[in-house]
$ cat coords.txt   # compact mmCIF, C-alpha atoms
# COMPACT_ATOMS: atom_id res chain seq x y z
CA MET W 1 100.06 171.23 -43.00
CA SER W 2 99.00 174.25 -40.92
CA THR W 3 95.88 174.16 -38.78
CA SER W 4 94.03 176.53 -41.10
CA GLN W 5 94.98 174.44 -44.13
CA SER W 6 93.71 171.26 -42.52
CA ASN W 7 90.50 173.05 -41.46
CA ILE W 8 89.90 174.15 -45.04
CA LEU W 9 90.54 170.63 -46.32
CA THR W 10 88.16 169.17 -43.71
CA THR W 11 85.42 171.60 -44.75
CA THR W 12 86.03 170.87 -48.45
CA ILE W 13 85.70 167.12 -47.86
CA TRP W 14 82.48 167.55 -45.86
CA ASN W 15 81.04 169.69 -48.66
CA ILE W 16 81.85 167.00 -51.20
CA LEU W 17 80.23 164.34 -48.99
CA HIS W 18 77.04 166.42 -48.65
CA ASP W 19 76.59 166.08 -52.42
CA ILE W 20 76.88 162.30 -52.54
CA TYR W 21 73.58 160.46 -52.45
CA ASP W 22 72.58 156.97 -51.39
CA PRO W 23 72.15 155.08 -54.69
CA GLU W 24 69.11 153.21 -53.34
CA VAL W 25 67.45 156.26 -51.74
CA PRO W 26 68.56 158.94 -54.19
CA VAL W 27 67.05 161.87 -52.26
CA LEU W 28 69.19 161.34 -49.21
CA SER W 29 72.82 162.44 -48.92
CA ILE W 30 75.17 160.03 -47.19
CA VAL W 31 75.75 162.67 -44.51
CA ASP W 32 72.02 162.95 -43.75
CA LEU W 33 71.81 159.15 -43.75
CA GLY W 34 74.35 159.17 -40.92
CA ILE W 35 76.86 156.80 -42.47
CA VAL W 36 79.71 159.33 -42.57
CA ARG W 37 81.11 159.08 -39.06
CA ASP W 38 84.09 161.43 -39.28
CA VAL W 39 86.53 163.27 -41.49
CA VAL W 40 90.06 163.29 -40.07
CA VAL W 41 92.84 165.47 -41.46
CA ASN W 42 96.28 165.43 -39.85
CA ASP W 43 99.89 165.96 -40.90
CA GLU W 44 100.33 162.56 -42.49
CA ALA W 45 97.01 161.78 -44.08
CA ALA W 46 93.36 162.57 -44.57
CA PHE W 47 90.65 159.96 -44.22
CA ILE W 48 86.91 159.54 -44.17
CA LEU W 49 85.26 157.08 -41.81
CA ILE W 50 82.06 155.48 -43.08
CA THR W 51 79.87 152.76 -41.60
CA PRO W 52 77.33 150.49 -43.35
CA THR W 53 73.62 150.71 -42.57
CA TYR W 54 73.25 146.93 -42.80
CA THR W 55 76.11 144.42 -42.78
CA GLY W 56 75.41 143.19 -46.29
CA CYS W 57 74.31 146.50 -47.81
CA PRO W 58 75.36 146.23 -51.47
CA ALA W 59 75.17 150.03 -51.82
CA MET W 60 78.33 150.42 -49.72
CA ASP W 61 80.66 149.47 -52.58
CA VAL W 62 78.90 151.96 -54.88
CA ILE W 63 79.01 154.67 -52.20
CA ARG W 64 82.72 154.10 -51.63
CA MET W 65 83.33 154.36 -55.38
CA ASN W 66 81.21 157.52 -55.67
CA ILE W 67 83.14 159.18 -52.83
CA LYS W 68 86.42 158.23 -54.51
CA MET W 69 85.29 159.68 -57.86
CA ALA W 70 84.02 162.93 -56.31
CA LEU W 71 87.30 163.38 -54.44
CA LEU W 72 89.32 162.73 -57.60
CA GLU W 73 87.32 165.35 -59.47
CA LYS W 74 88.46 167.89 -56.86
CA GLY W 75 92.04 166.67 -57.04
CA LEU W 76 91.87 164.92 -53.67
CA GLY W 77 93.06 161.47 -54.72
CA ASN W 78 95.00 160.91 -51.50
CA VAL W 79 92.05 160.88 -49.14
CA GLU W 80 91.56 157.39 -47.76
CA ILE W 81 88.14 155.88 -47.11
CA LYS W 82 87.93 153.57 -44.10
CA THR W 83 84.97 151.41 -43.14
CA ILE W 84 84.23 150.99 -39.45
CA LEU W 85 81.58 148.75 -37.86
CA SER W 86 81.51 149.94 -34.28
CA PRO W 87 79.49 151.68 -32.96
CA ALA W 88 76.83 150.10 -35.16
CA TRP W 89 74.77 152.45 -37.34
CA THR W 90 71.32 153.32 -36.08
CA THR W 91 68.40 155.12 -37.72
CA ASP W 92 68.75 157.70 -34.90
CA TRP W 93 71.67 159.06 -36.95
CA ILE W 94 69.42 160.02 -39.89
CA SER W 95 69.10 163.80 -39.71
CA GLU W 96 65.74 165.59 -39.32
CA LYS W 97 66.23 166.99 -42.83
CA GLY W 98 66.91 163.46 -44.06
CA LYS W 99 63.67 162.18 -42.51
CA GLN W 100 61.67 164.93 -44.22
CA GLN W 101 63.33 164.11 -47.55
CA LEU W 102 62.47 160.43 -47.14
CA LYS W 103 58.83 161.27 -46.49
CA ALA W 104 58.63 163.63 -49.48
CA PHE W 105 60.07 160.81 -51.61
CA GLY W 106 57.29 158.43 -50.50
CA ILE W 107 59.24 156.41 -47.95
CA ALA W 108 57.93 156.49 -44.37
CA PRO W 109 60.83 157.68 -42.17
CA PRO W 110 61.80 155.72 -39.04
CA ASN W 111 59.53 156.54 -36.13
CA SER W 112 60.85 159.23 -33.80
CA THR W 113 60.48 156.98 -30.76
CA HIS W 114 63.15 154.41 -31.39
CA SER W 115 61.50 151.02 -31.16
CA VAL W 116 63.74 148.18 -32.18
CA CYS W 117 62.44 144.73 -33.01
CA THR W 118 62.84 142.02 -30.38
CA ILE W 119 63.02 138.28 -30.98
CA ASP W 120 59.46 137.83 -29.67
CA ALA W 121 57.10 136.47 -32.33
CA PHE W 122 53.97 138.43 -33.24
CA ALA W 123 54.85 141.38 -30.98
CA ALA W 124 52.71 144.41 -31.89
CA ASP W 125 54.30 146.58 -34.57
CA GLU W 126 54.65 150.30 -34.10
CA ALA W 127 52.08 152.50 -35.87
CA VAL W 128 53.64 153.70 -39.10
CA GLN W 129 52.28 156.76 -40.88
CA CYS W 130 51.42 156.48 -44.57
CA PRO W 131 53.70 158.98 -46.38
CA ARG W 132 50.94 159.72 -48.96
CA CYS W 133 47.69 160.25 -47.05
CA LEU W 134 49.25 160.54 -43.54
CA SER W 135 46.91 157.91 -42.06
CA PHE W 136 48.22 155.81 -39.19
CA ASN W 137 45.83 153.02 -40.20
CA THR W 138 48.49 150.92 -41.91
CA LYS W 139 49.67 147.33 -41.81
CA ALA W 140 52.99 145.55 -42.25
CA ILE W 141 53.06 143.32 -45.32
CA SER W 142 56.62 142.10 -44.86
CA ARG W 143 59.40 142.91 -42.45
CA PHE W 144 61.76 142.93 -45.44
CA GLY W 145 61.12 145.29 -48.35
CA SER W 146 62.88 146.34 -51.53
CA THR W 147 66.15 146.76 -49.63
CA ALA W 148 67.44 145.38 -46.32
CA CYS W 149 66.80 148.69 -44.52
CA LYS W 150 63.13 148.91 -45.44
CA ALA W 151 59.94 147.03 -44.55
CA LEU W 152 56.92 146.77 -46.81
CA TYR W 153 53.68 148.36 -45.56
CA GLN W 154 50.26 149.09 -46.94
CA CYS W 155 47.85 151.88 -46.04
CA ASN W 156 44.40 150.63 -45.05
CA ASP W 157 42.83 153.98 -46.04
CA CYS W 158 44.35 154.96 -49.38
CA HIS W 159 45.42 151.32 -50.05
CA GLU W 160 48.80 152.37 -51.41
CA PRO W 161 51.72 150.07 -50.61
CA PHE W 162 54.78 151.93 -49.34
CA ASP W 163 58.28 151.37 -47.96
CA TYR W 164 59.00 152.05 -44.31
CA PHE W 165 62.60 152.83 -43.33
CA LYS W 166 62.48 150.62 -40.26
CA CYS W 167 63.98 151.53 -36.90
CA HIS W 168 67.35 149.90 -36.53
CA MET C 1 91.37 120.14 -56.42
CA GLU C 2 93.52 123.22 -55.91
CA SER C 3 92.98 124.92 -52.57
CA ILE C 4 93.99 128.38 -51.46
CA LEU C 5 95.10 126.89 -48.17
CA ASP C 6 98.09 125.35 -50.02
CA LYS C 7 99.36 128.92 -50.40
CA ILE C 8 99.11 129.64 -46.67
CA GLN C 9 101.65 128.43 -44.11
CA LEU C 10 99.66 128.12 -40.94
CA PRO C 11 101.00 125.49 -38.53
CA GLY C 12 98.58 124.59 -35.74
CA SER C 13 101.13 125.83 -33.23
CA HIS C 14 101.18 129.38 -34.66
CA PRO C 15 99.82 131.92 -32.13
CA ALA C 16 97.29 133.22 -34.69
CA ALA C 17 96.04 129.75 -35.74
CA GLY C 18 93.24 129.60 -33.17
CA ILE C 19 91.74 132.98 -34.01
CA ILE C 20 92.04 132.43 -37.79
CA HIS C 21 90.28 129.07 -37.57
CA TYR C 22 87.53 130.45 -35.35
CA THR C 23 87.00 133.45 -37.65
CA LEU C 24 86.73 131.13 -40.67
CA HIS C 25 84.25 128.97 -38.76
CA LEU C 26 82.03 132.00 -38.06
CA ALA C 27 82.35 133.07 -41.70
CA ASP C 28 81.60 129.61 -43.10
CA ASN C 29 78.43 129.26 -41.03
CA ALA C 30 77.14 132.57 -42.35
CA LEU C 31 78.16 131.95 -45.97
CA VAL C 32 76.86 128.40 -46.28
CA ILE C 33 73.40 129.09 -44.88
CA ALA C 34 73.30 132.34 -46.88
CA HIS C 35 74.00 130.44 -50.08
CA ARG C 36 71.35 127.86 -49.23
CA ASN C 37 68.82 130.64 -48.69
CA SER C 38 69.83 132.37 -51.91
CA GLU C 39 68.93 129.17 -53.80
CA TRP C 40 65.31 130.09 -53.05
CA CYS C 41 65.59 133.44 -54.85
CA GLY C 42 62.75 133.55 -57.39
CA HIS C 43 61.21 130.30 -56.06
CA GLY C 44 59.61 131.43 -52.78
CA PRO C 45 55.93 130.62 -52.20
CA ILE C 46 54.92 134.29 -52.32
CA LEU C 47 56.85 137.34 -53.48
CA GLU C 48 57.10 139.06 -50.08
CA GLN C 49 58.58 136.01 -48.37
CA ASP C 50 60.88 135.33 -51.30
CA ILE C 51 62.23 138.87 -50.79
CA ALA C 52 62.44 138.33 -47.02
CA LEU C 53 64.60 135.24 -47.41
CA ALA C 54 66.79 136.96 -50.02
CA ASN C 55 67.32 139.85 -47.57
CA ILE C 56 68.29 137.42 -44.82
CA ALA C 57 70.76 135.79 -47.23
CA LEU C 58 72.17 139.25 -47.97
CA ASP C 59 72.67 140.03 -44.26
CA LEU C 60 74.46 136.70 -43.82
CA VAL C 61 76.71 137.20 -46.86
CA GLY C 62 77.60 140.58 -45.34
CA GLN C 63 78.56 138.91 -42.06
CA ALA C 64 80.61 136.29 -43.91
CA ARG C 65 82.45 139.00 -45.86
CA ASN C 66 83.38 140.84 -42.67
CA PHE C 67 84.72 137.67 -41.07
CA TYR C 68 86.63 136.58 -44.19
CA GLN C 69 88.14 140.06 -44.55
CA TYR C 70 89.34 139.86 -40.96
CA ALA C 71 90.83 136.37 -41.53
CA ALA C 72 92.60 137.67 -44.65
CA ALA C 73 93.96 140.63 -42.64
CA LEU C 74 95.26 138.26 -39.96
CA ILE C 75 97.08 136.21 -42.60
CA ALA C 76 98.67 139.37 -44.06
CA GLU C 77 99.64 140.77 -40.63
CA ASN C 78 101.33 137.52 -39.64
CA ASN C 79 103.10 137.05 -43.01
CA LEU C 80 101.54 133.62 -43.43
CA SER C 81 101.30 133.74 -47.21
CA SER C 82 103.60 134.86 -49.99
CA ILE C 83 100.62 135.91 -52.11
CA THR C 84 97.79 138.25 -51.12
CA ILE C 85 94.80 136.33 -49.79
CA THR C 86 91.38 137.93 -50.19
CA GLU C 87 87.90 137.24 -48.79
CA ASP C 88 86.92 135.68 -52.13
CA ASP C 89 89.73 133.11 -51.97
CA PHE C 90 88.25 131.65 -48.78
CA ALA C 91 84.80 131.35 -50.32
CA TYR C 92 85.70 130.11 -53.78
CA LEU C 93 89.01 128.27 -53.49
CA ARG C 94 88.65 125.87 -50.59
CA ALA C 95 87.48 122.25 -50.75
CA ALA C 96 84.51 120.98 -48.73
CA ASP C 97 86.70 119.34 -46.08
CA GLU C 98 88.35 122.73 -45.44
CA PHE C 99 85.05 124.39 -44.52
CA LYS C 100 84.33 124.58 -40.79
CA ASN C 101 80.60 125.30 -40.81
CA PHE C 102 78.10 123.41 -38.69
CA LEU C 103 76.36 120.54 -40.51
CA LEU C 104 72.96 122.16 -39.96
CA THR C 105 73.79 125.11 -42.21
CA GLU C 106 74.61 122.95 -45.25
CA GLN C 107 71.52 120.71 -45.18
CA SER C 108 69.53 120.92 -48.39
CA ASN C 109 66.57 123.27 -48.55
CA GLY C 110 63.83 120.63 -48.60
CA HIS C 111 60.45 122.34 -48.73
CA TRP C 112 59.79 125.90 -47.55
CA GLY C 113 59.05 124.68 -44.01
CA THR C 114 62.40 122.85 -43.75
CA THR C 115 64.23 126.00 -44.82
CA ILE C 116 62.30 128.14 -42.33
CA LEU C 117 62.98 125.69 -39.52
CA ARG C 118 66.69 125.43 -40.36
CA GLN C 119 66.86 129.24 -40.23
CA PHE C 120 65.01 129.37 -36.91
CA LEU C 121 67.28 126.77 -35.25
CA PHE C 122 70.39 128.51 -36.58
CA SER C 123 69.39 132.17 -36.08
CA THR C 124 68.37 131.51 -32.48
CA TYR C 125 71.83 130.05 -31.86
CA GLN C 126 73.50 132.96 -33.66
CA TYR C 127 71.47 135.48 -31.65
CA PHE C 128 72.59 134.14 -28.26
CA LEU C 129 76.15 133.64 -29.54
CA TYR C 130 76.49 137.20 -30.85
CA ARG C 131 74.99 138.64 -27.67
CA GLN C 132 78.12 137.33 -25.94
CA LEU C 133 80.56 137.77 -28.80
CA GLN C 134 79.83 141.52 -28.99
CA HIS C 135 81.52 141.88 -25.58
CA CYS C 136 84.45 139.52 -26.25
CA SER C 137 88.11 140.50 -25.91
CA ASN C 138 88.74 140.55 -29.69
CA GLU C 139 87.57 143.97 -30.87
CA HIS C 140 87.18 142.94 -34.54
CA LEU C 141 84.90 139.99 -33.82
CA ALA C 142 83.06 142.06 -31.20
CA ALA C 143 82.34 144.83 -33.72
CA ILE C 144 81.06 142.40 -36.36
CA ALA C 145 78.82 140.69 -33.78
CA GLN C 146 77.48 143.98 -32.44
CA LYS C 147 76.60 145.12 -35.95
CA ALA C 148 75.06 141.80 -37.01
CA LEU C 149 73.06 141.27 -33.83
CA LYS C 150 70.40 143.79 -34.82
CA GLU C 151 69.86 141.97 -38.10
CA VAL C 152 69.85 138.51 -36.54
CA THR C 153 67.11 139.71 -34.19
CA TYR C 154 64.89 140.18 -37.27
CA HIS C 155 65.87 136.75 -38.56
CA VAL C 156 64.82 135.05 -35.31
CA ARG C 157 61.51 136.87 -35.20
CA TRP C 158 60.66 136.28 -38.84
CA SER C 159 61.57 132.59 -38.80
CA SER C 160 59.86 131.84 -35.47
CA GLU C 161 56.63 133.47 -36.69
CA TRP C 162 56.65 131.17 -39.73
CA VAL C 163 57.45 128.09 -37.65
CA ILE C 164 54.39 128.90 -35.53
CA ARG C 165 52.13 129.68 -38.50
CA LEU C 166 53.02 126.47 -40.31
CA GLY C 167 53.19 124.22 -37.25
CA ASP C 168 49.87 125.50 -35.95
CA GLY C 169 48.41 125.63 -39.46
CA THR C 170 46.63 122.91 -41.41
CA ALA C 171 47.00 119.19 -40.71
CA GLU C 172 49.30 118.93 -43.73
CA SER C 173 51.54 121.88 -42.80
CA HIS C 174 51.70 120.62 -39.21
CA GLN C 175 52.87 117.18 -40.32
CA LYS C 176 55.43 118.63 -42.72
CA MET C 177 56.90 120.81 -39.96
CA GLN C 178 57.04 117.90 -37.53
CA ASP C 179 58.85 115.77 -40.14
CA ALA C 180 61.28 118.64 -40.83
CA LEU C 181 61.96 119.00 -37.10
CA ASN C 182 62.68 115.29 -36.75
CA GLU C 183 64.96 115.45 -39.77
CA LEU C 184 67.01 118.46 -38.62
CA TRP C 185 67.11 117.71 -34.90
CA PRO C 186 70.23 115.46 -35.06
CA PHE C 187 72.23 118.48 -36.30
CA THR C 188 71.31 120.79 -33.42
CA ASP C 189 73.59 119.61 -30.66
CA GLU C 190 76.67 120.46 -32.73
CA LEU C 191 75.73 124.14 -32.45
CA LEU C 192 75.86 123.91 -28.69
CA THR C 193 79.13 121.98 -28.40
CA GLY C 194 81.12 123.71 -31.17
CA GLY C 195 84.09 124.58 -29.02
CA LEU C 196 86.34 126.43 -31.54
CA ALA C 197 86.13 129.64 -29.51
CA SER C 198 88.30 128.47 -26.62
CA ALA C 199 91.20 127.56 -28.96
CA ALA C 200 91.00 131.19 -30.12
CA ASN C 201 91.13 132.45 -26.54
CA ILE C 202 87.61 133.82 -26.90
CA SER C 203 85.84 133.23 -23.65
CA LEU C 204 82.14 132.39 -24.07
CA ASP C 205 79.66 130.97 -21.60
CA ASP C 206 78.62 127.90 -23.63
CA THR C 207 76.30 126.68 -20.89
CA LEU C 208 74.37 129.94 -21.00
CA ILE C 209 74.05 129.79 -24.82
CA LYS C 210 72.71 126.24 -24.52
CA THR C 211 70.19 127.20 -21.81
CA GLU C 212 68.94 130.28 -23.67
CA TRP C 213 68.75 128.43 -27.02
CA THR C 214 66.87 125.49 -25.48
CA GLU C 215 64.41 127.81 -23.73
CA LYS C 216 63.59 129.77 -26.89
CA ILE C 217 63.33 126.68 -29.10
CA THR C 218 61.12 124.88 -26.58
CA SER C 219 58.77 127.84 -26.29
CA VAL C 220 58.36 128.42 -30.05
CA ILE C 221 58.00 124.70 -30.81
CA ALA C 222 55.26 124.52 -28.15
CA ASP C 223 53.48 127.57 -29.65
CA ALA C 224 53.70 125.81 -33.01
CA THR C 225 51.98 122.75 -31.44
CA LEU C 226 54.97 120.62 -32.47
CA HIS C 227 56.85 118.08 -30.37
CA LEU C 228 60.55 118.21 -29.65
CA PRO C 229 62.13 114.94 -30.76
CA THR C 230 63.11 112.74 -27.85
CA SER C 231 65.96 111.15 -29.81
CA ARG C 232 69.44 111.95 -28.54
CA GLN C 233 71.12 110.62 -31.67
CA TYR C 234 73.21 113.59 -32.78
CA VAL C 235 75.80 113.97 -35.52
CA TYR C 236 78.92 116.13 -35.38
CA GLY C 237 81.98 116.87 -37.50
CA GLY C 238 81.40 120.10 -39.43
CA THR C 239 83.93 122.14 -37.45
CA GLU C 240 86.57 119.48 -38.23
CA GLY C 241 85.77 119.47 -41.94
CA LYS C 242 83.79 116.22 -41.88
CA HIS C 243 80.72 117.19 -43.85
CA THR C 244 77.60 115.62 -45.29
CA PRO C 245 77.54 115.19 -49.11
CA HIS C 246 75.21 118.21 -49.27
CA LEU C 247 78.13 120.63 -48.84
CA THR C 248 80.13 119.16 -51.74
CA ALA C 249 77.09 119.45 -53.99
CA MET C 250 76.48 123.04 -52.87
CA LEU C 251 80.09 124.11 -53.42
CA LYS C 252 80.14 122.59 -56.91
CA ASP C 253 77.46 125.06 -57.80
CA MET C 254 78.75 128.02 -55.75
CA GLN C 255 82.39 127.70 -56.87
CA TYR C 256 81.70 126.66 -60.46
CA LEU C 257 82.69 129.93 -62.11
CA GLN C 258 85.96 130.50 -60.22
CA ARG C 259 86.97 126.86 -60.66
CA THR C 260 86.23 126.91 -64.39
CA TYR C 261 87.60 130.36 -65.18
CA PRO C 262 90.13 131.15 -62.41
CA GLY C 263 90.26 134.84 -61.50
CA VAL C 264 87.29 135.80 -63.66
CA GLU C 265 85.63 139.12 -62.75
CA TRP C 266 82.52 140.89 -63.90

$ encode --input "coords.txt" --output "structure tokens"
Amino acid sequence: MSTSQSNILTTTIWNILHDIYDPEVPVLSIVDLGIVRDVVVNDEAAFILITPTYTGCPAMDVIRMNIKMALLEKGLGNVEIKTILSPAWTTDWISEKGKQQLKAFGIAPPNSTHSVCTIDAFAADEAVQCPRCLSFNTKAISRFGSTACKALYQCNDCHEPFDYFKCH
Amino acid sequence: MESILDKIQLPGSHPAAGIIHYTLHLADNALVIAHRNSEWCGHGPILEQDIALANIALDLVGQARNFYQYAAALIAENNLSSITITEDDFAYLRAADEFKNFLLTEQSNGHWGTTILRQFLFSTYQYFLYRQLQHCSNEHLAAIAQKALKEVTYHVRWSSEWVIRLGDGTAESHQKMQDALNELWPFTDELLTGGLASAANISLDDTLIKTEWTEKITSVIADATLHLPTSRQYVYGGTEGKHTPHLTAMLKDMQYLQRTYPGVEW
């Protein structure tokens, strides 16, 4: 395969991946979520490297299947999908566009200053902004929300409960 | 009962035996406590905490899958089986005495406080273990530990907060937590003297894990106004396949479908 051919194939694959959405956060493409780590095209093979958000994320199997189907539709059945664990995914890899899309969808995006939980009990939680009324007067209801990657919060001003995509 | 291990030729002297056994031990710990936690699904005292425990179970099943997949890959790479072994075979087609999990992880759920305390004792161990394992010489185990460590951090924090709330709660909740602590304490020393890592050539500082674990447990138990048991009567055997009857009962439930309808899928 010539260099230009492999460049075209790489671009085609990235374009396909941009159109695949996280099944649990259906406004966010897997590229904006930061789980596509690389697309490698060489003489022998082409493969996509993906990494899970959380170790047990059940969406990964669905995402892998959706990538496979989208590739098949474009006649790219030979592209291999590999899962890697290291380096571990972090919310810092969610794109700026992705964070805006999360907020518009009603999920508070991870705070821009990366603050990761420690093992210390009752440590003060970061101030999380309500995605509906934009108040910072909110409280954590549970560190674990509707999916492993989200925590459950409630706004003290508009009283709406909401998901927070927690820093990780 | 048929076991998948009958299909694998793995003499103890094989160079890969140590790492395969250690990987299965790490996987079994995660799977067994995950399954115990999942038994709470739909029965938690309040919805939010029910969901929290289910999420912790999910993280732990994820860890177990990664370890089992690696063990299966090692068996394939070393041509140790004439048939393809998968992660599911390890979970569903082994007998209780072939599981290598610590006895603590298989203990029955008891009341909510017992479950929380079991999680706290175990997650604190796992946290300090993975902090070292993420830098170990085996890149596969290191990657799994590095990934899981972030999640285990949440588990330690969540469970320690509940130990403190319940221990330092009402007279009744305090007494229940103290009883749970006395009941589970005999299973704790096994975590700190496991010893399967060295046979796998994984070098860990066991003394450091023990010191860090003891420090954290002592501090949270004190905050919870509970008393560490003074008894030094400990039980061991999980890593050698000598289990309490709780594991057999749990596996009967967990493996029921595959044992009744072999190979069934949904």

$ atom_distance --input "coords.txt" --atom1 "atom CA of Thr230 of chain C" --atom2 "atom CA of Phe122 of chain C"
19.4 Å

$ closest_atom_pairs --input "coords.txt" --of "chain C" --to "chain W" --cutoff "9 Å" --atoms "all atoms listed in the file" --output "JSON lines"
{"residue": "C:Glu48", "atom": "CA", "partner": "W:Ser142", "partner_atom": "CA", "distance": 6.1}
{"residue": "C:Gln49", "atom": "CA", "partner": "W:Ser142", "partner_atom": "CA", "distance": 7.3}
{"residue": "C:Ile51", "atom": "CA", "partner": "W:Phe144", "partner_atom": "CA", "distance": 6.7}
{"residue": "C:Ala52", "atom": "CA", "partner": "W:Phe144", "partner_atom": "CA", "distance": 4.9}
{"residue": "C:Leu53", "atom": "CA", "partner": "W:Phe144", "partner_atom": "CA", "distance": 8.4}
{"residue": "C:Asn55", "atom": "CA", "partner": "W:Ala148", "partner_atom": "CA", "distance": 5.7}
{"residue": "C:Ile56", "atom": "CA", "partner": "W:Ala148", "partner_atom": "CA", "distance": 8.1}
{"residue": "C:Ala57", "atom": "CA", "partner": "W:Gly56", "partner_atom": "CA", "distance": 8.8}
{"residue": "C:Leu58", "atom": "CA", "partner": "W:Gly56", "partner_atom": "CA", "distance": 5.4}
{"residue": "C:Asp59", "atom": "CA", "partner": "W:Gly56", "partner_atom": "CA", "distance": 4.6}
{"residue": "C:Leu60", "atom": "CA", "partner": "W:Gly56", "partner_atom": "CA", "distance": 7.0}
{"residue": "C:Val61", "atom": "CA", "partner": "W:Gly56", "partner_atom": "CA", "distance": 6.2}
{"residue": "C:Gly62", "atom": "CA", "partner": "W:Gly56", "partner_atom": "CA", "distance": 3.5}
{"residue": "C:Gln63", "atom": "CA", "partner": "W:Thr55", "partner_atom": "CA", "distance": 6.1}
{"residue": "C:Ala64", "atom": "CA", "partner": "W:Gly56", "partner_atom": "CA", "distance": 9.0}
{"residue": "C:Arg65", "atom": "CA", "partner": "W:Gly56", "partner_atom": "CA", "distance": 8.2}
{"residue": "C:Asn66", "atom": "CA", "partner": "W:Thr55", "partner_atom": "CA", "distance": 8.1}
{"residue": "C:Thr124", "atom": "CA", "partner": "W:Ile119", "partner_atom": "CA", "distance": 8.8}
{"residue": "C:Tyr127", "atom": "CA", "partner": "W:Ile119", "partner_atom": "CA", "distance": 8.9}
{"residue": "C:His140", "atom": "CA", "partner": "W:Leu85", "partner_atom": "CA", "distance": 8.7}
{"residue": "C:Ala142", "atom": "CA", "partner": "W:Ser86", "partner_atom": "CA", "distance": 8.6}
{"residue": "C:Ala143", "atom": "CA", "partner": "W:Ser86", "partner_atom": "CA", "distance": 5.2}
{"residue": "C:Ile144", "atom": "CA", "partner": "W:Leu85", "partner_atom": "CA", "distance": 6.5}
{"residue": "C:Gln146", "atom": "CA", "partner": "W:Ala88", "partner_atom": "CA", "distance": 6.7}
{"residue": "C:Lys147", "atom": "CA", "partner": "W:Ala88", "partner_atom": "CA", "distance": 5.0}
{"residue": "C:Ala148", "atom": "CA", "partner": "W:Thr55", "partner_atom": "CA", "distance": 6.4}
{"residue": "C:Lys150", "atom": "CA", "partner": "W:His168", "partner_atom": "CA", "distance": 7.0}
{"residue": "C:Glu151", "atom": "CA", "partner": "W:Tyr54", "partner_atom": "CA", "distance": 7.6}
{"residue": "C:Val152", "atom": "CA", "partner": "W:Ile119", "partner_atom": "CA", "distance": 8.8}
{"residue": "C:Thr153", "atom": "CA", "partner": "W:Ile119", "partner_atom": "CA", "distance": 5.4}
{"residue": "C:Tyr154", "atom": "CA", "partner": "W:Cys117", "partner_atom": "CA", "distance": 6.7}
{"residue": "C:His155", "atom": "CA", "partner": "W:Ile119", "partner_atom": "CA", "distance": 8.2}
{"residue": "C:Val156", "atom": "CA", "partner": "W:Ile119", "partner_atom": "CA", "distance": 5.7}
{"residue": "C:Arg157", "atom": "CA", "partner": "W:Ile119", "partner_atom": "CA", "distance": 4.7}
{"residue": "C:Trp158", "atom": "CA", "partner": "W:Ala121", "partner_atom": "CA", "distance": 7.4}
{"residue": "C:Ser159", "atom": "CA", "partner": "W:Ala121", "partner_atom": "CA", "distance": 8.8}
{"residue": "C:Ser160", "atom": "CA", "partner": "W:Ala121", "partner_atom": "CA", "distance": 6.2}
{"residue": "C:Glu161", "atom": "CA", "partner": "W:Ala121", "partner_atom": "CA", "distance": 5.3}
{"residue": "C:Ile164", "atom": "CA", "partner": "W:Ala121", "partner_atom": "CA", "distance": 8.7}
{"residue": "C:Val220", "atom": "CA", "partner": "W:Ala121", "partner_atom": "CA", "distance": 8.5}

$ residues_around --input "coords.txt" --residues "Trp93 of chain W" --least-positions-apart "4" --cutoff "10 Å" --atoms "all atoms listed in the file" --output "JSON, numbers by chain"
{"W": [31, 32, 33, 34, 35, 36, 37, 89, 98]}

$ residues_around --input "coords.txt" --residues "Phe99 of chain C" --least-positions-apart "6" --cutoff "10 Å" --atoms "only C-alpha atoms" --output "tab-separated table (two decimals) with C-alpha atoms, in the coordinates of the input"
chain	number	residue	atom	x	y	z
C	21	HIS	CA	90.28	129.07	-37.57
C	24	LEU	CA	86.73	131.13	-40.67
C	25	HIS	CA	84.25	128.97	-38.76
C	27	ALA	CA	82.35	133.07	-41.70
C	28	ASP	CA	81.60	129.61	-43.10
C	29	ASN	CA	78.43	129.26	-41.03
C	32	VAL	CA	76.86	128.40	-46.28
C	90	PHE	CA	88.25	131.65	-48.78
C	91	ALA	CA	84.80	131.35	-50.32
C	238	GLY	CA	81.40	120.10	-39.43
C	239	THR	CA	83.93	122.14	-37.45
C	240	GLU	CA	86.57	119.48	-38.23
C	241	GLY	CA	85.77	119.47	-41.94
C	242	LYS	CA	83.79	116.22	-41.88
C	243	HIS	CA	80.72	117.19	-43.85
C	247	LEU	CA	78.13	120.63	-48.84

$ atom_distance --input "coords.txt" --atom1 "atom CA of Pro23 of chain W" --atom2 "atom CA of Ala72 of chain C"
28.7 Å

$ atom_distance --input "coords.txt" --atom1 "atom CA of Leu192 of chain C" --atom2 "atom CA of Ile209 of chain C"
7.3 Å

$ closest_residue --input "coords.txt" --among "C:His246, C:Ile33, C:Gln233, C:Gly12" --to "Asn101 of chain C" --atoms "all atoms listed in the file"
C:Ile33

$ residues_around --input "coords.txt" --residues "Asn15 of chain W" --least-positions-apart "4" --cutoff "12 Å" --atoms "all atoms listed in the file" --output "compact mmCIF listing (two decimals) with C-alpha atoms, in the frame of the given file"
# COMPACT_ATOMS: atom_id res chain seq x y z
CA ILE W 8 89.90 174.15 -45.04
CA LEU W 9 90.54 170.63 -46.32
CA THR W 10 88.16 169.17 -43.71
CA THR W 11 85.42 171.60 -44.75
CA ASP W 19 76.59 166.08 -52.42
CA ILE W 20 76.88 162.30 -52.54
CA SER W 29 72.82 162.44 -48.92
CA ILE W 30 75.17 160.03 -47.19
CA VAL W 31 75.75 162.67 -44.51
CA VAL W 39 86.53 163.27 -41.49
CA ILE W 67 83.14 159.18 -52.83
CA ALA W 70 84.02 162.93 -56.31
CA LEU W 71 87.30 163.38 -54.44
CA LYS W 74 88.46 167.89 -56.86
